[in-house]
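Printed here is start_9.pdb (PDB, C-alpha atoms):
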```
ATOM      1  CA  MET A   1     -18.441  62.636   9.924
ATOM      2  CA  ARG A   2     -19.659  61.046   6.737
ATOM      3  CA  PRO A   3     -19.172  63.064   3.549
ATOM      4  CA  VAL A   4     -22.407  64.455   2.139
ATOM      5  CA  ALA A   5     -23.220  63.191  -1.357
ATOM      6  CA  ASP A   6     -23.408  65.838  -4.019
ATOM      7  CA  PRO A   7     -26.833  65.601  -5.760
ATOM      8  CA  ALA A   8     -25.448  67.269  -8.877
ATOM      9  CA  SER A   9     -22.678  64.652  -9.166
ATOM     10  CA  SER A  10     -25.224  61.842  -8.766
ATOM     11  CA  ARG A  11     -27.368  63.273 -11.527
ATOM     12  CA  GLN A  12     -24.355  63.595 -13.812
ATOM     13  CA  ALA A  13     -23.456  59.933 -13.180
ATOM     14  CA  VAL A  14     -26.984  58.781 -14.001
ATOM     15  CA  ARG A  15     -27.379  60.792 -17.216
ATOM     16  CA  PRO A  16     -24.898  58.822 -19.401
ATOM     17  CA  ALA A  17     -26.558  55.534 -18.421
ATOM     18  CA  ALA A  18     -29.988  56.977 -19.148
ATOM     19  CA  ARG A  19     -28.825  58.245 -22.527
ATOM     20  CA  ARG A  20     -27.374  54.835 -23.408
ATOM     21  CA  LEU A  21     -30.613  53.152 -22.398
ATOM     22  CA  ALA A  22     -32.675  55.604 -24.476
ATOM     23  CA  LYS A  23     -30.371  55.093 -27.470
ATOM     24  CA  PHE A  24     -30.704  51.318 -27.157
ATOM     25  CA  ALA A  25     -34.501  51.624 -26.934
ATOM     26  CA  ARG A  26     -34.623  53.814 -30.055
ATOM     27  CA  ARG A  27     -32.529  51.333 -32.015
ATOM     28  CA  GLY A  28     -34.674  48.449 -30.827
ATOM     29  CA  ALA A  29     -37.834  50.277 -31.874
ATOM     30  CA  LEU A  30     -36.312  51.006 -35.299
ATOM     31  CA  VAL A  31     -35.360  47.357 -35.830
ATOM     32  CA  LEU A  32     -38.848  46.249 -34.782
ATOM     33  CA  ALA A  33     -40.453  48.766 -37.134
ATOM     34  CA  LEU A  34     -38.319  47.552 -40.042
ATOM     35  CA  LEU A  35     -39.173  43.916 -39.295
ATOM     36  CA  LEU A  36     -42.893  44.719 -39.223
ATOM     37  CA  THR A  37     -42.843  46.658 -42.500
ATOM     38  CA  GLY A  38     -43.103  43.476 -44.550
ATOM     39  CA  PRO A  39     -46.048  41.990 -42.625
ATOM     40  CA  ALA A  40     -47.851  45.347 -42.815
ATOM     41  CA  ALA A  41     -47.340  45.479 -46.586
ATOM     42  CA  ALA A  42     -48.541  41.873 -46.941
ATOM     43  CA  LEU A  43     -51.666  42.660 -44.926
ATOM     44  CA  LEU A  44     -52.475  45.762 -46.946
ATOM     45  CA  THR A  45     -51.973  44.080 -50.331
ATOM     46  CA  ALA A  46     -53.718  40.773 -49.565
ATOM     47  CA  ARG A  47     -56.227  40.039 -52.316
ATOM     48  CA  ASP A  48     -57.350  36.461 -51.863
ATOM     49  CA  ALA A  49     -58.006  36.529 -48.118
ATOM     50  CA  PRO A  50     -61.596  35.344 -47.547
ATOM     51  CA  ALA A  51     -64.083  37.249 -45.446
ATOM     52  CA  ASP A  52     -65.133  33.985 -43.741
ATOM     53  CA  TRP A  53     -62.911  30.886 -43.599
ATOM     54  CA  ARG A  54     -66.007  28.665 -43.542
ATOM     55  CA  SER A  55     -66.983  29.747 -47.047
ATOM     56  CA  ALA A  56     -63.437  30.092 -48.411
ATOM     57  CA  SER A  57     -62.435  28.146 -51.506
ATOM     58  CA  ARG A  58     -60.589  24.849 -51.106
ATOM     59  CA  ALA A  59     -60.453  24.179 -54.861
ATOM     60  CA  PRO A  60     -57.244  22.825 -56.446
ATOM     61  CA  VAL A  61     -55.249  25.218 -58.621
ATOM     62  CA  GLY A  62     -53.736  22.760 -61.117
ATOM     63  CA  LEU A  63     -50.183  22.393 -59.784
ATOM     64  CA  ALA A  64     -50.460  18.681 -58.946
ATOM     65  CA  PRO A  65     -50.511  16.107 -61.778
ATOM     66  CA  ASP A  66     -53.568  13.855 -62.037
ATOM     67  CA  PRO A  67     -52.600  10.403 -60.650
ATOM     68  CA  ALA A  68     -54.692   8.819 -63.406
ATOM     69  CA  GLU A  69     -52.337  10.347 -65.974
ATOM     70  CA  THR A  70     -49.010  10.223 -64.109
ATOM     71  CA  ARG A  71     -47.775   6.772 -63.070
ATOM     72  CA  ALA A  72     -44.408   7.910 -61.669
ATOM     73  CA  ALA A  73     -43.877   8.385 -57.953
ATOM     74  CA  MET A  74     -43.933  12.029 -56.854
ATOM     75  CA  VAL A  75     -43.294  14.202 -53.802
ATOM     76  CA  GLN A  76     -44.476  17.812 -53.628
ATOM     77  CA  VAL A  77     -44.133  20.488 -50.939
ATOM     78  CA  TYR A  78     -46.598  23.381 -50.818
ATOM     79  CA  GLY A  79     -47.182  26.545 -48.839
ATOM     80  CA  ALA A  80     -49.938  29.154 -48.737
ATOM     81  CA  ARG A  81     -50.719  32.220 -46.675
ATOM     82  CA  ALA A  82     -52.163  31.404 -43.268
ATOM     83  CA  VAL A  83     -55.768  32.246 -42.444
ATOM     84  CA  GLY A  84     -56.731  35.756 -41.312
ATOM     85  CA  TRP A  85     -54.250  38.232 -39.827
ATOM     86  CA  ARG A  86     -51.686  35.455 -39.466
ATOM     87  CA  GLY A  87     -51.289  35.472 -43.236
ATOM     88  CA  ALA A  88     -49.599  38.879 -42.994
ATOM     89  CA  PHE A  89     -46.733  37.229 -41.154
ATOM     90  CA  GLY A  90     -46.480  33.725 -42.499
ATOM     91  CA  VAL A  91     -47.503  30.698 -44.472
ATOM     92  CA  HIS A  92     -48.843  27.249 -43.698
ATOM     93  CA  THR A  93     -46.941  24.404 -45.359
ATOM     94  CA  TRP A  94     -47.652  20.758 -46.140
ATOM     95  CA  ILE A  95     -46.137  17.809 -48.006
ATOM     96  CA  ALA A  96     -47.817  15.415 -50.441
ATOM     97  CA  LEU A  97     -46.767  11.948 -51.612
ATOM     98  CA  LYS A  98     -47.828   9.742 -54.524
ATOM     99  CA  PRO A  99     -46.181   6.323 -54.773
ATOM    100  CA  ARG A 100     -45.742   4.783 -58.209
ATOM    101  CA  ASP A 101     -49.085   3.758 -59.770
ATOM    102  CA  ALA A 102     -50.999   5.134 -56.752
ATOM    103  CA  ALA A 103     -54.601   6.094 -57.453
ATOM    104  CA  ASP A 104     -54.439   9.241 -55.338
ATOM    105  CA  TRP A 105     -52.201  11.692 -53.485
ATOM    106  CA  THR A 106     -51.680  11.519 -49.719
ATOM    107  CA  THR A 107     -51.079  14.814 -47.892
ATOM    108  CA  TYR A 108     -49.340  15.156 -44.518
ATOM    109  CA  GLN A 109     -49.631  18.333 -42.465
ATOM    110  CA  ILE A 110     -49.888  19.650 -38.928
ATOM    111  CA  ILE A 111     -53.161  21.386 -38.046
ATOM    112  CA  GLY A 112     -53.085  23.314 -34.795
ATOM    113  CA  TRP A 113     -56.636  22.900 -33.521
ATOM    114  CA  ARG A 114     -56.266  19.110 -33.602
ATOM    115  CA  ALA A 115     -53.681  19.337 -30.797
ATOM    116  CA  LEU A 116     -56.167  20.918 -28.400
ATOM    117  CA  ARG A 117     -56.578  18.886 -25.214
ATOM    118  CA  GLY A 118     -53.754  16.567 -26.195
ATOM    119  CA  GLY A 119     -55.093  15.520 -29.588
ATOM    120  CA  ASP A 120     -52.941  14.410 -32.529
ATOM    121  CA  ALA A 121     -52.096  17.387 -34.757
ATOM    122  CA  LEU A 122     -50.868  15.200 -37.637
ATOM    123  CA  ALA A 123     -53.499  15.175 -40.386
ATOM    124  CA  VAL A 124     -53.250  12.638 -43.225
ATOM    125  CA  SER A 125     -55.693  13.040 -46.107
ATOM    126  CA  SER A 126     -56.288  11.973 -49.693
ATOM    127  CA  GLY A 127     -57.145  14.076 -52.716
ATOM    128  CA  PRO A 128     -55.540  16.901 -54.705
ATOM    129  CA  PRO A 129     -52.684  18.369 -52.644
ATOM    130  CA  ASP A 130     -52.773  21.732 -54.434
ATOM    131  CA  ARG A 131     -56.042  22.917 -52.922
ATOM    132  CA  ARG A 132     -56.335  26.531 -51.838
ATOM    133  CA  TRP A 133     -55.679  26.984 -48.147
ATOM    134  CA  PHE A 134     -58.977  28.621 -47.188
ATOM    135  CA  GLY A 135     -58.871  30.948 -50.162
ATOM    136  CA  ALA A 136     -55.108  31.446 -50.409
ATOM    137  CA  ALA A 137     -53.502  29.987 -53.542
ATOM    138  CA  PRO A 138     -50.624  27.584 -52.757
ATOM    139  CA  GLU A 139     -47.092  27.785 -54.108
ATOM    140  CA  LEU A 140     -45.037  24.729 -55.066
ATOM    141  CA  TYR A 141     -41.758  24.875 -53.119
ATOM    142  CA  ALA A 142     -40.150  21.561 -54.079
ATOM    143  CA  GLU A 143     -40.829  18.456 -56.139
ATOM    144  CA  LEU A 144     -39.267  15.032 -56.669
ATOM    145  CA  GLU A 145     -40.351  12.619 -59.374
ATOM    146  CA  GLY A 146     -39.511   9.080 -60.432
ATOM    147  CA  ALA A 147     -36.801   7.027 -58.731
ATOM    148  CA  ALA A 148     -35.761   9.891 -56.436
ATOM    149  CA  ALA A 149     -39.338  10.216 -55.173
ATOM    150  CA  GLU A 150     -39.671   6.455 -54.675
ATOM    151  CA  GLN A 151     -36.579   6.456 -52.482
ATOM    152  CA  ALA A 152     -37.789   9.465 -50.498
ATOM    153  CA  ILE A 153     -41.386   8.430 -49.777
ATOM    154  CA  GLU A 154     -40.623   5.728 -47.221
ATOM    155  CA  ARG A 155     -38.320   8.051 -45.264
ATOM    156  CA  LEU A 156     -40.882  10.867 -45.353
ATOM    157  CA  VAL A 157     -43.652   8.645 -44.029
ATOM    158  CA  ALA A 158     -41.378   7.379 -41.244
ATOM    159  CA  ALA A 159     -40.322  10.945 -40.340
ATOM    160  CA  ALA A 160     -43.963  12.093 -40.266
ATOM    161  CA  GLU A 161     -44.974   9.251 -37.957
ATOM    162  CA  ALA A 162     -41.992   9.982 -35.678
ATOM    163  CA  TYR A 163     -42.593  13.752 -35.505
ATOM    164  CA  PRO A 164     -42.101  14.529 -31.783
ATOM    165  CA  HIS A 165     -44.578  17.421 -31.477
ATOM    166  CA  ARG A 166     -47.739  15.728 -32.700
ATOM    167  CA  ARG A 167     -49.620  16.568 -29.497
ATOM    168  CA  SER A 168     -48.373  20.110 -29.023
ATOM    169  CA  TYR A 169     -48.741  23.181 -31.197
ATOM    170  CA  THR A 170     -47.597  26.770 -30.721
ATOM    171  CA  LEU A 171     -48.380  29.293 -33.430
ATOM    172  CA  TRP A 172     -45.258  31.312 -32.579
ATOM    173  CA  PRO A 173     -42.374  30.535 -32.522
ATOM    174  CA  GLY A 174     -43.168  26.826 -32.876
ATOM    175  CA  PRO A 175     -43.590  23.917 -33.025
ATOM    176  CA  ASN A 176     -46.181  24.347 -35.765
ATOM    177  CA  SER A 177     -46.913  23.216 -39.325
ATOM    178  CA  ASN A 178     -43.677  24.702 -40.650
ATOM    179  CA  THR A 179     -41.624  22.997 -37.935
ATOM    180  CA  PHE A 180     -43.083  19.714 -39.208
ATOM    181  CA  THR A 181     -42.293  20.423 -42.862
ATOM    182  CA  ALA A 182     -38.742  21.522 -42.059
ATOM    183  CA  MET A 183     -38.131  18.381 -40.007
ATOM    184  CA  LEU A 184     -39.338  16.142 -42.834
ATOM    185  CA  ALA A 185     -37.166  18.048 -45.296
ATOM    186  CA  ARG A 186     -34.082  17.373 -43.156
ATOM    187  CA  ALA A 187     -34.878  13.657 -43.410
ATOM    188  CA  VAL A 188     -34.802  13.914 -47.224
ATOM    189  CA  PRO A 189     -32.053  16.409 -48.126
ATOM    190  CA  GLU A 190     -32.386  15.594 -51.830
ATOM    191  CA  LEU A 191     -35.555  17.719 -51.777
ATOM    192  CA  ARG A 192     -33.274  20.740 -51.247
ATOM    193  CA  LEU A 193     -36.323  22.463 -49.788
ATOM    194  CA  ASP A 194     -35.871  26.219 -49.466
ATOM    195  CA  LEU A 195     -38.648  27.286 -47.119
ATOM    196  CA  PRO A 196     -39.288  31.046 -47.358
ATOM    197  CA  PRO A 197     -38.674  33.364 -44.407
ATOM    198  CA  THR A 198     -42.451  33.556 -44.031
ATOM    199  CA  ALA A 199     -42.486  29.900 -42.910
ATOM    200  CA  ILE A 200     -42.380  30.951 -39.261
ATOM    201  CA  GLY A 201     -41.596  27.948 -37.105
ATOM    202  CA  LYS A 202     -39.161  26.319 -39.544
ATOM    203  CA  ASP A 203     -36.310  27.433 -37.255
ATOM    204  CA  TYR A 204     -37.736  25.828 -34.124
ATOM    205  CA  LEU A 205     -35.468  22.866 -33.356
ATOM    206  CA  GLY A 206     -36.896  21.798 -30.018
ATOM    207  CA  PRO A 207     -36.493  22.739 -26.357
ATOM    208  CA  ALA A 208     -32.945  21.390 -26.054
ATOM    209  CA  GLU A 209     -31.522  21.416 -29.584
ATOM    210  CA  PHE A 210     -29.732  24.512 -30.853
ATOM    211  CA  ALA A 211     -28.030  23.392 -34.079
ATOM    212  CA  ALA A 212     -29.157  21.337 -37.058
ATOM    213  CA  ALA A 213     -28.910  21.002 -40.799
ATOM    214  CA  ALA A 214     -30.759  23.703 -42.728
ATOM    215  CA  PRO A 215     -34.128  22.467 -44.065
ATOM    216  CA  SER A 216     -32.588  22.318 -47.550
ATOM    217  CA  GLY A 217     -29.813  20.034 -46.341
ATOM    218  CA  THR A 218     -27.259  22.294 -48.037
ATOM    219  CA  GLY A 219     -25.934  24.047 -44.935
ATOM    220  CA  PHE A 220     -26.637  24.502 -41.235
ATOM    221  CA  GLN A 221     -28.632  26.612 -38.842
ATOM    222  CA  LEU A 222     -28.327  27.765 -35.256
ATOM    223  CA  SER A 223     -31.448  28.627 -33.292
ATOM    224  CA  LEU A 224     -32.524  29.549 -29.771
ATOM    225  CA  TRP A 225     -36.035  28.084 -29.532
ATOM    226  CA  GLY A 226     -36.987  29.647 -32.858
ATOM    227  CA  LEU A 227     -36.666  33.163 -31.438
ATOM    228  CA  LEU A 228     -33.131  34.011 -32.510
ATOM    229  CA  GLY A 229     -31.031  32.231 -35.078
ATOM    230  CA  LEU A 230     -28.867  32.101 -38.156
ATOM    231  CA  THR A 231     -29.011  29.950 -41.292
ATOM    232  CA  LEU A 232     -26.105  29.563 -43.714
ATOM    233  CA  ALA A 233     -26.789  27.294 -46.694
ATOM    234  CA  ARG A 234     -26.334  27.061 -50.422
ATOM    235  CA  GLU A 235     -30.095  27.040 -51.091
ATOM    236  CA  GLU A 236     -31.282  29.495 -48.438
ATOM    237  CA  GLY A 237     -28.246  31.765 -48.522
ATOM    238  CA  ILE A 238     -27.836  33.825 -45.353
ATOM    239  CA  GLU A 239     -30.886  34.294 -43.150
ATOM    240  CA  VAL A 240     -31.114  35.869 -39.701
ATOM    241  CA  ASN A 241     -34.075  35.079 -37.476
ATOM    242  CA  VAL A 242     -35.153  37.717 -34.951
ATOM    243  CA  ALA A 243     -38.247  36.941 -32.893
ATOM    244  CA  GLY A 244     -39.346  34.432 -35.522
ATOM    245  CA  LEU A 245     -39.074  36.923 -38.396
ATOM    246  CA  GLY A 246     -36.473  35.975 -40.993
ATOM    247  CA  PHE A 247     -34.501  38.297 -43.253
ATOM    248  CA  GLY A 248     -31.392  37.862 -45.340
ATOM    249  CA  VAL A 249     -29.952  37.432 -48.807
ATOM    250  CA  ASP A 250     -29.546  34.519 -51.221
ATOM    251  CA  PRO A 251     -26.388  35.403 -53.208
ATOM    252  CA  LEU A 252     -26.507  32.365 -55.517
ATOM    253  CA  GLY A 253     -30.222  32.810 -56.218
ATOM    254  CA  LEU A 254     -29.955  36.598 -56.552
ATOM    255  CA  ALA A 255     -32.771  37.166 -54.094
ATOM    256  CA  LEU A 256     -33.651  38.912 -50.859
ATOM    257  CA  ARG A 257     -35.415  37.183 -47.972
ATOM    258  CA  LEU A 258     -37.837  39.542 -46.242
ATOM    259  CA  PRO A 259     -40.166  39.104 -43.235
ATOM    260  CA  GLY A 260     -43.835  39.089 -44.174
ATOM    261  CA  ILE A 261     -43.010  39.261 -47.880
ATOM    262  CA  GLY A 262     -40.931  36.152 -48.486
ATOM    263  CA  ARG A 263     -38.325  35.543 -51.135
ATOM    264  CA  VAL A 264     -37.940  38.360 -53.674
ATOM    265  CA  GLY A 265     -35.736  37.791 -56.718
ATOM    266  CA  LEU A 266     -35.196  35.250 -59.477
ATOM    267  CA  ALA A 267     -37.791  32.490 -59.494
ATOM    268  CA  GLU A 268     -36.640  29.117 -58.192
ATOM    269  CA  ASP A 269     -37.283  25.848 -60.016
ATOM    270  CA  PRO A 270     -39.027  23.553 -57.490
ATOM    271  CA  ARG A 271     -38.159  20.400 -59.460
ATOM    272  CA  ARG A 272     -35.141  18.549 -58.092
TER     273      ARG A 272
END
```
Show this structure as C-alpha cells.
Amino acid sequence: MRPVADPASSRQAVRPAARRLAKFARRGALVLALLLTGPAAALLTARDAPADWRSASRAPVGLAPDPAETRAAMVQVYGARAVGWRGAFGVHTWIALKPRDAADWTTYQIIGWRALRGGDALAVSSGPPDRRWFGAAPELYAELEGAAAEQAIERLVAAAEAYPHRRSYTLWPGPNSNTFTAMLARAVPELRLDLPPTAIGKDYLGPAEFAAAAPSGTGFQLSLWGLLGLTLAREEGIEVNVAGLGFGVDPLGLALRLPGIGRVGLAEDPRR
C-alpha cells in the first residue's frame, strides 16, 4: 500500500518557497520604483516641453561658434531631452563637425522615423548645430578645436558612414541615436565623451557583442543587449545599467549618475 501524502506537510513545504518568491517580488518592485523616481521627477518638472512638436522652436541657443568668425576646425557633441513623454527618460544626441575654414557646420545624427520600411536613419544636415530639439535646449557634452579636431573629423565621418544600424532603429534599448553617438565617440577617444545616464541606448553594443571601450575611451563597459550592464571608466565613473536605466557615481567628478535626471554634481568642462 502506498503511503498517503500528508496535506499539512505539503503546505508547509510550499510556504517557504512562496515566501521567498513574494520577498523577491517586493524587492524587484522596490528597485523598479526607485529607478522610475528620476523619470517621474523629470516629467513633472519639465518646463520647455512643447505642446505640439510641429510648432516647437528649433532656434539655435548660441553654443556653437559662427563659422564666419571661427576659422579653426571644431567638433561638438550635443544632447537634448527627447520629444514628449520620452524626454522624461532620456535625451537625443548628435555630433557636429566644422573643418578648418569651412563655411558651415555639418551635423550627423540618427533619426528614428527615417528607418521606417528600411530607410536610412542617418541624417546629415548643414546649419547651426546648437538648435533646440523641438523646444528642448541642448547641452554641450564635448568639444575639440584646432589640430585635435582636424585629426578627428576624418575618423568621425568614416565611423558615421560605417555605422551598422543605419536601417534599423529601436527606441529602447537600442540601437538608436545614442547608440550612434557612443559608437562615434569610441572611434575618437580623445573626445573623452561622457554621455549622461539619460542617453539610453549608449550601452547597446550589438546583438553579438558584450564588451567594448566606454564611450569616453577611458575605461570599459559590459552589456547584455543594452538591458543589463556595467561601465567602469575614469570619465564616467561607475555606472550600472538595469533595463536601460543607468545609475552610479563619478568619484573623480564628484557627481551622481541618476536615471531620468542625468549627472548631478560638479559641472564638467566639455572642451578637451
Written as an MDAnalysis selection string, which residues does the PyMOL selection byres ((chain A and resi 188) around 9) give for the file shown? chainID A and resid 152:153 155:156 184:187 189:192 216:217
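Residues in contact with stretch 67-83 of chain A at up to 6 Å, not including ones fewer than 4 positions away on its chain and judged by only C-alpha atoms, are Gly87, Val91, His92, Thr93, Trp94, Ile95, Ala96, Leu97, Lys98, Pro99, Arg100, Asp101, Ala103, Asp104, Ala136, Pro138, Glu139, Leu140, Tyr141, Ala142, Glu143, Leu144, Glu145, Gly146, Ala149 and Glu150 of chain A.
Among the candidate residues A:Trp133, A:Phe210, A:Trp85, A:Ala64, the one lying nearest to A:Thr106 is A:Ala64, with distances computed using only C-alpha atoms.
You will find atom CA of A:Trp105 at 17.6 Å from atom CA of A:Arg271.
In this comparison, which uses all atoms listed in the file, the residue of A:Ile238, A:Leu195, A:Ala182, A:Leu227 approaching A:Ala213 most closely is A:Ala182.
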List the residues matched by the PyMOL selection byres ((chain A and resi 239-242) around 8) in the displayed structure as a PyMOL selection string, ordered by chain and then by residue number. chain A and resi 197+203+226-232+236-238+243-249+257
Since I can't run it myself right now, could you work out what the PyMOL selection byres ((chain A and resi 58-62) around 8) selects here and report it as a ChimeraX atom specification? /A:56-57,63-65,128-135,137-138
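A straight line drawn from atom CA of A:Tyr204 to atom CA of A:Tyr163 is 13.1 Å long.
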One decimal place gives the atom CA of A:Ser125-atom CA of A:Asn178 separation as 17.6 Å
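All protein and nucleic acid residues in the vicinity of (-39.3, 31.2, -48.4), that is within 7 Å when counting all atoms listed in the file, are Asp194, Leu195, Pro196, Pro197, Thr198, Ala199, Gly262 and Arg263 of chain A.
Proximity to A:Ile110 at 9 Å, evaluated using all atoms listed in the file and with sequence-adjacent residues fewer than 3 positions away removed, yields Thr93, Trp94, Arg114, Ala115, Asp120, Ala121, Leu122, Ala123, Val124, Arg166, Tyr169, Asn176, Ser177, Asn178, Thr179, Phe180 and Thr181 of chain A.
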Provide stretch 202-222 of chain A rebuilt to N, CA and C atoms, formatted as a compact mmCIF listing (two decimals), keeping the file's coordinate frame.
```txt
# COMPACT_ATOMS: atom_id res chain seq x y z
N LYS A 202 -40.13 27.22 -38.91
CA LYS A 202 -39.16 26.32 -39.54
C LYS A 202 -37.85 26.29 -38.78
N ASP A 203 -37.56 27.34 -38.00
CA ASP A 203 -36.31 27.43 -37.26
C ASP A 203 -36.40 26.86 -35.85
N TYR A 204 -37.59 26.41 -35.46
CA TYR A 204 -37.74 25.83 -34.12
C TYR A 204 -37.17 24.41 -34.16
N LEU A 205 -36.15 24.16 -33.35
CA LEU A 205 -35.47 22.87 -33.36
C LEU A 205 -35.84 21.99 -32.17
N GLY A 206 -36.54 22.55 -31.21
CA GLY A 206 -36.90 21.80 -30.02
C GLY A 206 -36.42 22.51 -28.77
N PRO A 207 -36.84 22.04 -27.60
CA PRO A 207 -36.49 22.74 -26.36
C PRO A 207 -35.03 22.61 -25.96
N ALA A 208 -34.32 21.60 -26.48
CA ALA A 208 -32.94 21.39 -26.05
C ALA A 208 -31.99 21.18 -27.21
N GLU A 209 -32.39 21.54 -28.42
CA GLU A 209 -31.52 21.42 -29.58
C GLU A 209 -31.30 22.80 -30.18
N PHE A 210 -30.05 23.16 -30.43
CA PHE A 210 -29.73 24.51 -30.85
C PHE A 210 -28.97 24.57 -32.18
N ALA A 211 -28.71 23.42 -32.79
CA ALA A 211 -28.03 23.39 -34.08
C ALA A 211 -28.54 22.21 -34.88
N ALA A 212 -28.66 22.40 -36.19
CA ALA A 212 -29.16 21.34 -37.06
C ALA A 212 -28.80 21.67 -38.49
N ALA A 213 -29.04 20.72 -39.38
CA ALA A 213 -28.91 21.00 -40.80
C ALA A 213 -30.00 21.99 -41.19
N ALA A 214 -29.72 22.83 -42.18
CA ALA A 214 -30.76 23.70 -42.73
C ALA A 214 -31.84 22.82 -43.36
N PRO A 215 -33.08 23.28 -43.45
CA PRO A 215 -34.13 22.47 -44.06
C PRO A 215 -33.76 21.96 -45.46
N SER A 216 -32.98 22.73 -46.21
CA SER A 216 -32.59 22.32 -47.55
C SER A 216 -31.53 21.22 -47.54
N GLY A 217 -30.89 21.00 -46.41
CA GLY A 217 -29.81 20.03 -46.34
C GLY A 217 -28.52 20.50 -46.98
N THR A 218 -28.45 21.78 -47.36
CA THR A 218 -27.26 22.29 -48.04
C THR A 218 -26.43 23.22 -47.15
N GLY A 219 -26.67 23.19 -45.86
CA GLY A 219 -25.93 24.05 -44.94
C GLY A 219 -26.37 23.74 -43.52
N PHE A 220 -26.29 24.72 -42.64
CA PHE A 220 -26.64 24.50 -41.24
C PHE A 220 -27.39 25.70 -40.68
N GLN A 221 -27.99 25.49 -39.53
CA GLN A 221 -28.63 26.61 -38.84
C GLN A 221 -28.43 26.49 -37.34
N LEU A 222 -28.38 27.65 -36.70
CA LEU A 222 -28.33 27.76 -35.26
C LEU A 222 -29.60 28.46 -34.81
```
